[in-house]
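What follows is a short report on a single structure.
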Amino acid sequence: MKSILSFLLLCSLIFFTGCTKEKTHPNRVSMTGKVMFQNVPLAAGMISLVSAENALQQASAILRPDGTFTIMDAPKGKVLITVDTTTFSPDSGGNAETYRKIPARYASSDTSGLEITIPDSGIQDYVITLEEK
């Protein structure tokens with residue numbers, strides 16, 4: 001009986017140790033924000049982040065109708081940002097009322113010109129403004 005109680009105690013200890021609030025990805029944090037184009041929230045599209053130090057560290061989110069986004073696993077440090085709306089175009093089955101074509105350069109991290117350094121604490125309410133030119 002004593003060995004069963006010891007076993008259960010050990011299992012409980014292992015279980016509760018594994019249930020701490022420690023993040024599973026220590027190099028990841030949350031980021032929230034809004035994407036604007038021509039002074040209007042971009043209602044349909046995808047934002048993607050790519051670590052400037054390790055291209056394998058990526059994260060993305062679909063924009064909400066008010067242009068906001070939440071990325072729970074954003075890589076910390078310097079990241080390159082892309083915004084793409086092509087998969088939300090009416091030709092791709094998207095909604096013609098919410099689709100807005102943006103300059104193609106924003107779809108590539110090589111040409112978007114968008115970057116940010118995300119601190120260890122993450123970043124909240126970051127506004128990304130896309131330009132026509």
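Ordering of the structure tokens sets the chain letters (A, B, ...), residue numbers begin anew at 1 in every chain, and ligands are numbered from 1 in the order given.
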Exercise. Would you kindly return, as a ChimeraX atom specification, each protein, DNA or RNA residue with an atom no farther than 10 Å from any atom of segment 99-116 of chain A, considering only C-alpha atoms and excluding same-chain residues fewer than 5 positions away?
Key: /A:37-38,42-52,76-90,94,123,126,128-133
I need the residues from that last selection saved to file as an mmCIF file, in the first residue's frame (with C-alpha atoms), if you can.
```
data_model
loop_
_atom_site.group_PDB
_atom_site.id
_atom_site.type_symbol
_atom_site.label_atom_id
_atom_site.label_comp_id
_atom_site.auth_asym_id
_atom_site.auth_seq_id
_atom_site.Cartn_x
_atom_site.Cartn_y
_atom_site.Cartn_z
ATOM 1 C CA PHE A 37 -3.821 50.980 -45.994
ATOM 2 C CA GLN A 38 -4.719 54.432 -47.311
ATOM 3 C CA LEU A 42 -7.199 46.464 -44.084
ATOM 4 C CA ALA A 43 -10.208 44.166 -43.652
ATOM 5 C CA ALA A 44 -8.898 41.046 -45.400
ATOM 6 C CA GLY A 45 -5.386 39.696 -45.620
ATOM 7 C CA MET A 46 -2.621 37.852 -43.845
ATOM 8 C CA ILE A 47 0.283 39.242 -41.862
ATOM 9 C CA SER A 48 3.429 37.161 -41.520
ATOM 10 C CA LEU A 49 6.561 37.593 -39.422
ATOM 11 C CA VAL A 50 9.941 36.063 -40.226
ATOM 12 C CA SER A 51 12.893 36.275 -37.864
ATOM 13 C CA ALA A 52 15.770 38.192 -39.446
ATOM 14 C CA LYS A 76 11.491 37.759 -30.445
ATOM 15 C CA GLY A 77 14.104 40.106 -31.857
ATOM 16 C CA LYS A 78 14.276 41.686 -35.287
ATOM 17 C CA VAL A 79 11.539 40.398 -37.607
ATOM 18 C CA LEU A 80 10.609 41.139 -41.185
ATOM 19 C CA ILE A 81 6.914 41.710 -41.846
ATOM 20 C CA THR A 82 4.842 40.851 -44.898
ATOM 21 C CA VAL A 83 1.198 41.555 -45.649
ATOM 22 C CA ASP A 84 -0.591 39.707 -48.427
ATOM 23 C CA THR A 85 -4.145 40.059 -49.709
ATOM 24 C CA THR A 86 -3.980 37.979 -52.900
ATOM 25 C CA THR A 87 -5.569 34.864 -51.388
ATOM 26 C CA PHE A 88 -8.514 37.020 -50.254
ATOM 27 C CA SER A 89 -9.255 38.436 -53.718
ATOM 28 C CA PRO A 90 -12.599 37.706 -55.397
ATOM 29 C CA GLY A 94 -12.654 36.122 -51.291
ATOM 30 C CA ILE A 123 4.362 44.083 -28.350
ATOM 31 C CA TYR A 126 1.404 47.990 -33.116
ATOM 32 C CA ILE A 128 1.469 48.901 -39.567
ATOM 33 C CA THR A 129 0.806 51.532 -42.213
ATOM 34 C CA LEU A 130 1.081 50.461 -45.828
ATOM 35 C CA GLU A 131 1.826 53.090 -48.476
ATOM 36 C CA GLU A 132 0.507 53.175 -52.029
ATOM 37 C CA LYS A 133 3.852 54.017 -53.637
#
```
Quiz item: Near Ser121 of chain A, counting only C-alpha atoms, which residues have an atom at most 10 Å away, once you skip same-chain residues fewer than 2 positions from it, shown as a list of chain:residue names?
Solution: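 Result of the neighbour search: A:Arg28, A:Val29, A:Ser30, A:Met31, A:Lys76, A:Ile118, A:Pro119, A:Ile123, A:Gln124.
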Can I get the selected residues back with N, CA, C and O atoms, as a short mmCIF file (atom, residue, chain, number, x, y, z; two decimals), in the first residue's frame?
```
data_model
loop_
_atom_site.label_atom_id
_atom_site.label_comp_id
_atom_site.auth_asym_id
_atom_site.auth_seq_id
_atom_site.Cartn_x
_atom_site.Cartn_y
_atom_site.Cartn_z
N ARG A 28 9.46 32.92 -28.17
CA ARG A 28 8.22 33.39 -28.78
C ARG A 28 7.43 34.23 -27.79
O ARG A 28 7.43 33.97 -26.59
N VAL A 29 6.76 35.26 -28.30
CA VAL A 29 5.95 36.15 -27.48
C VAL A 29 4.69 36.53 -28.26
O VAL A 29 4.53 36.16 -29.42
N SER A 30 3.82 37.30 -27.64
CA SER A 30 2.61 37.72 -28.34
C SER A 30 2.79 39.11 -28.96
O SER A 30 3.55 39.94 -28.48
N MET A 31 2.05 39.32 -30.04
CA MET A 31 2.05 40.60 -30.73
C MET A 31 0.63 40.87 -31.21
O MET A 31 0.00 39.99 -31.79
N LYS A 76 10.89 36.58 -31.07
CA LYS A 76 11.49 37.76 -30.45
C LYS A 76 12.65 38.25 -31.31
O LYS A 76 13.22 37.51 -32.09
N ILE A 118 10.97 42.96 -31.81
CA ILE A 118 10.00 42.57 -30.80
C ILE A 118 10.74 42.26 -29.51
O ILE A 118 11.59 41.37 -29.48
N PRO A 119 10.42 42.98 -28.43
CA PRO A 119 11.12 42.76 -27.15
C PRO A 119 10.66 41.48 -26.45
O PRO A 119 9.66 40.86 -26.84
N ILE A 123 4.75 42.73 -27.94
CA ILE A 123 4.36 44.08 -28.35
C ILE A 123 2.85 44.10 -28.58
O ILE A 123 2.29 43.15 -29.11
N GLN A 124 2.23 45.17 -28.15
CA GLN A 124 0.77 45.29 -28.22
C GLN A 124 0.40 46.55 -29.00
O GLN A 124 1.08 47.57 -28.92
#
```
Quiz item: What is the distance, in Å and to one decimal place, between atom CA of Asn54 of chain A and atom CA of Ala74 of chain A?
Solution: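 Straight-line distance from atom CA of Asn54 of chain A to atom CA of Ala74 of chain A works out to 12.6 Å.
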Quiz prompt | Gap from atom CA of Gly93 of chain A to atom CA of Met36 of chain A - Å, one decimal | solution =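 A separation of 22.5 Å between them.
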Self-check item: Separation of atom CA of Glu53 of chain A from atom CA of Lys34 of chain A, in Å and rounded to one decimal
Solution: 24.4 Å
